[in-house]
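Structure data follow from structure-v4.cif (mmCIF, C-alpha atoms):
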```
data_protein
loop_
_atom_site.label_atom_id
_atom_site.label_comp_id
_atom_site.auth_asym_id
_atom_site.auth_seq_id
_atom_site.Cartn_x
_atom_site.Cartn_y
_atom_site.Cartn_z
CA GLU A 1 38.11 13.40 -121.61
CA ASP A 2 39.70 10.08 -122.55
CA ASP A 3 41.25 7.93 -119.84
CA PHE A 4 44.68 6.65 -120.68
CA SER A 5 47.59 5.20 -118.82
CA LEU A 6 51.33 5.31 -119.19
CA ALA A 7 53.69 2.48 -118.37
CA ILE A 8 57.33 3.14 -117.56
CA THR A 9 59.02 0.04 -118.92
CA GLU A 10 62.60 -1.15 -119.03
CA TYR A 11 63.76 1.67 -116.78
CA ASP A 12 67.49 1.90 -116.26
CA VAL A 13 70.10 4.61 -115.77
CA GLU A 14 73.59 4.13 -117.10
CA THR A 15 76.21 6.21 -115.35
CA THR A 16 79.35 5.62 -113.32
CA ASP A 17 78.43 8.51 -110.96
CA GLU A 18 76.75 6.63 -108.09
CA ASP A 19 75.30 9.76 -106.46
CA LEU A 20 73.82 10.91 -109.77
CA TYR A 21 72.37 7.41 -110.28
CA GLY A 22 70.68 7.50 -106.87
CA ASP A 23 69.35 11.02 -107.33
CA TRP A 24 68.08 10.31 -110.84
CA THR A 25 66.32 7.13 -109.68
CA ARG A 26 64.67 8.99 -106.76
CA ASP A 27 63.58 11.89 -108.94
CA PHE A 28 62.29 9.77 -111.82
CA LEU A 29 60.31 7.52 -109.48
CA THR A 30 58.83 10.62 -107.79
CA VAL A 31 57.80 12.21 -111.09
CA SER A 32 56.33 8.92 -112.30
CA PHE A 33 54.38 8.34 -109.09
CA ALA A 34 53.07 11.93 -109.12
CA SER A 35 51.50 11.51 -112.56
CA PRO A 36 47.96 10.10 -112.41
CA ALA A 37 48.50 8.62 -115.88
CA VAL A 38 51.42 6.36 -114.84
CA ASP A 39 50.14 3.05 -113.56
CA ARG A 40 53.17 0.77 -114.06
CA PHE A 41 56.90 1.00 -113.48
CA LEU A 42 59.04 -1.90 -114.67
CA MET A 43 62.76 -2.49 -114.28
CA TRP A 44 64.65 -5.23 -116.12
CA GLY A 45 67.63 -6.90 -114.50
CA PHE A 46 68.74 -6.22 -110.98
CA ASP A 47 72.51 -6.72 -110.78
CA ASP A 48 75.56 -5.72 -112.80
CA GLY A 49 76.35 -9.38 -113.46
CA THR A 50 73.18 -10.05 -115.45
CA HIS A 51 72.06 -6.66 -116.76
CA TRP A 52 72.89 -5.75 -120.35
CA LYS A 53 73.95 -2.26 -119.22
CA LYS A 54 76.46 -3.12 -116.54
CA SER A 55 76.14 0.11 -114.52
CA ALA A 56 72.33 0.43 -114.75
CA PRO A 57 70.74 -1.88 -112.14
CA LEU A 58 70.12 -1.46 -108.40
CA PHE A 59 72.76 -4.00 -107.27
CA TYR A 60 76.42 -4.56 -107.98
CA LYS A 61 77.51 -7.90 -109.43
CA ASP A 62 77.98 -9.30 -105.89
CA TRP A 63 74.40 -8.21 -104.99
CA THR A 64 75.45 -5.42 -102.65
CA PRO A 65 73.07 -2.46 -102.99
CA LYS A 66 73.81 0.61 -105.06
CA PRO A 67 72.74 4.10 -103.89
CA GLY A 68 69.64 4.02 -106.09
CA LEU A 69 68.25 1.07 -104.14
CA ALA A 70 68.12 3.09 -100.90
CA HIS A 71 65.99 5.71 -102.68
CA TRP A 72 63.77 3.05 -104.27
CA ARG A 73 63.23 1.30 -100.92
CA ASN A 74 62.50 4.54 -99.09
CA LEU A 75 59.92 5.69 -101.63
CA VAL A 76 58.23 2.41 -102.47
CA LEU A 77 58.38 0.63 -99.11
CA ASN A 78 58.07 3.63 -96.77
CA GLU A 79 56.58 6.79 -98.25
CA TRP A 80 54.22 5.10 -100.73
CA TRP A 81 53.32 1.99 -98.73
CA THR A 82 49.95 2.10 -96.99
CA ARG A 83 50.24 1.22 -93.31
CA GLU A 84 47.20 2.49 -91.47
CA SER A 85 45.60 1.83 -88.14
CA SER A 86 42.46 3.49 -86.86
CA ASN A 87 39.60 3.04 -84.46
CA SER A 88 35.98 3.28 -85.47
CA ASP A 89 33.70 6.04 -84.32
CA ALA A 90 30.57 5.42 -82.21
CA ALA A 91 28.64 4.39 -85.32
CA GLY A 92 31.29 1.81 -86.23
CA PHE A 93 32.89 3.68 -89.13
CA ALA A 94 36.60 4.07 -89.73
CA SER A 95 38.31 5.45 -92.79
CA PHE A 96 41.73 5.73 -94.38
CA ARG A 97 43.15 6.66 -97.78
CA PRO A 98 45.23 3.87 -99.25
CA PHE A 99 47.42 4.17 -102.29
CA LEU A 100 46.22 2.51 -105.48
CA GLY A 101 46.82 -1.22 -105.60
CA ASP A 102 46.02 -4.38 -103.67
CA HIS A 103 45.68 -4.34 -99.89
CA ARG A 104 44.87 -6.66 -97.01
CA VAL A 105 42.47 -5.04 -94.51
CA THR A 106 42.23 -6.46 -90.99
CA VAL A 107 39.34 -5.49 -88.73
CA ILE A 108 39.33 -6.40 -85.05
CA ASP A 109 35.93 -6.42 -83.37
CA PRO A 110 36.39 -4.42 -80.15
CA ARG A 111 33.60 -6.35 -78.43
CA SER A 112 34.81 -9.88 -79.05
CA GLY A 113 38.34 -9.53 -80.36
CA ALA A 114 37.32 -11.50 -83.48
CA ILE A 115 39.47 -10.78 -86.51
CA THR A 116 38.02 -10.32 -89.99
CA GLU A 117 40.34 -9.94 -93.00
CA ARG A 118 39.52 -8.83 -96.53
CA ASN A 119 41.57 -8.36 -99.68
CA ILE A 120 40.72 -5.15 -101.51
CA SER A 121 41.90 -3.59 -104.73
CA VAL A 122 41.92 0.20 -105.00
CA SER A 123 41.81 1.70 -108.47
CA ARG A 124 41.30 5.18 -109.86
CA GLY A 125 38.04 6.81 -108.95
CA GLY A 126 38.00 5.85 -105.28
CA LYS A 127 36.30 3.01 -103.51
CA SER A 128 34.55 2.36 -100.24
CA ILE A 129 34.43 -1.03 -98.60
CA GLU A 130 32.23 -2.28 -95.84
CA VAL A 131 33.20 -5.03 -93.43
CA LEU A 132 30.30 -6.37 -91.39
CA LEU A 133 31.05 -7.90 -88.02
CA ASP A 134 28.76 -10.54 -86.49
#
```

Translate this file's structure into structure tokens.
Amino acid sequence: EDDFSLAITEYDVETTDEDLYGDWTRDFLTVSFASPAVDRFLMWGFDDGTHWKKSAPLFYKDWTPKPGLAHWRNLVLNEWWTRESSNSDAAGFASFRPFLGDHRVTVIDPRSGAITERNISVSRGGKSIEVLLD
């Protein structure tokens, strides 16, 4: 089986129905995120004042948010954002399942309180990391 990826590029929705715009943005983001083949989602232009399709972006010309932005924020910054906290077991192991992408992992040594931080990148196929404490 060949590996391939899809990129959603230049996404925009042009409608004057603000509720439809929000619902469409939510649903399209959800379908895109659910597909293992989609690994990029790109939007061009953010406000009605600079976008070539005046009703398509996430902000009005005065930069007040449109309904679609609330859906985008909820999905991307809440539902699909990895925020985990866990304690290790007696053997010193802890685990969590992050979303694909780049992450900053912070480990606090329970004996000394020393903090160790690591940047990790999670890609398809899974990955384990090991952080050794002195």

### Message
Residues near range 44-60 of chain A, anyone? I mean within 6 Å using all atoms listed in the file, not counting same-chain ones fewer than 2 positions away, as JSON, numbers by chain.
### Response
{"A": [10, 12, 13, 14, 62, 63, 64, 65, 66, 68, 69]}

Write out, as a PDB file, keeping the file's coordinate frame, the residues just selected, with C-alpha atoms.
```pdb
ATOM      1  CA  GLU A  10      62.600  -1.150-119.030  1.00  0.00           C
ATOM      2  CA  ASP A  12      67.490   1.900-116.260  1.00  0.00           C
ATOM      3  CA  VAL A  13      70.100   4.610-115.770  1.00  0.00           C
ATOM      4  CA  GLU A  14      73.590   4.130-117.100  1.00  0.00           C
ATOM      5  CA  ASP A  62      77.980  -9.300-105.890  1.00  0.00           C
ATOM      6  CA  TRP A  63      74.400  -8.210-104.990  1.00  0.00           C
ATOM      7  CA  THR A  64      75.450  -5.420-102.650  1.00  0.00           C
ATOM      8  CA  PRO A  65      73.070  -2.460-102.990  1.00  0.00           C
ATOM      9  CA  LYS A  66      73.810   0.610-105.060  1.00  0.00           C
ATOM     10  CA  GLY A  68      69.640   4.020-106.090  1.00  0.00           C
ATOM     11  CA  LEU A  69      68.250   1.070-104.140  1.00  0.00           C
TER      12      LEU A  69
END
```

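The interatomic distance for the pair CA of Arg40 in chain A and CA of Thr9 in chain A works out to 7.6 Å.
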
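With CA of Thr116 in chain A on one side and CA of Thr82 in chain A on the other, the separation reads 18.6 Å.
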
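Put simply, the PyMOL selection byres ((chain A and resi 41) around 10) on this file hits Leu6, Ala7, Ile8, Thr9, Glu10, Tyr11, Leu29, Ser32, Phe33, Val38, Asp39, Arg40, Leu42 and Met43 of chain A.
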
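Shortest separation to Ala34 in chain A among A:Glu117, A:Arg111, A:Trp80, A:Val105 occurs at residue A:Trp80, atoms counted being all atoms listed in the file.
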
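Computed from the coordinates, the CA of Ile120 in chain A to CA of Asn74 in chain A distance equals 24.0 Å.
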
Tell me which protein, DNA and RNA residues are within 8 Å of range 91-100 of chain A, counting all atoms listed in the file, leaving out same-chain ones fewer than 4 positions away, and put them as a PDB file with C-alpha atoms, in the frame of the given file.
```
ATOM      1  CA  TRP A  80      54.220   5.100-100.730  1.00  0.00           C
ATOM      2  CA  TRP A  81      53.320   1.990 -98.730  1.00  0.00           C
ATOM      3  CA  THR A  82      49.950   2.100 -96.990  1.00  0.00           C
ATOM      4  CA  GLU A  84      47.200   2.490 -91.470  1.00  0.00           C
ATOM      5  CA  SER A  86      42.460   3.490 -86.860  1.00  0.00           C
ATOM      6  CA  ASN A  87      39.600   3.040 -84.460  1.00  0.00           C
ATOM      7  CA  SER A 121      41.900  -3.590-104.730  1.00  0.00           C
ATOM      8  CA  VAL A 122      41.920   0.200-105.000  1.00  0.00           C
ATOM      9  CA  SER A 123      41.810   1.700-108.470  1.00  0.00           C
ATOM     10  CA  ARG A 124      41.300   5.180-109.860  1.00  0.00           C
TER      11      ARG A 124
END
```

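Distances from A:Asn78, A:Arg83, A:Asn119, A:His71 to Trp24 in chain A were compared using only C-alpha atoms, and the smallest one belongs to A:His71.
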
#### Entry: Nearest-residue call for Asp27 in chain A, choices A:Ser128, A:Lys61, A:Leu75, A:Ser112, using all atoms listed in the file
A:Leu75

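Comparing the minimum interatomic distances between Ser35 in chain A and each of A:Asp109, A:Glu79, A:Ser5, A:Asp17, counting all atoms listed in the file, we find that A:Ser5 sits nearest.
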
Padding 5 Å on every side, please: axis-aligned box over the listed atoms of range 81-89 of chain A, centre and edge lengths to one decimal in Å, as JSON.
```
{"center_x": 43.5, "center_y": 3.6, "center_z": -91.5, "size_x": 29.6, "size_y": 14.8, "size_z": 24.4}
```
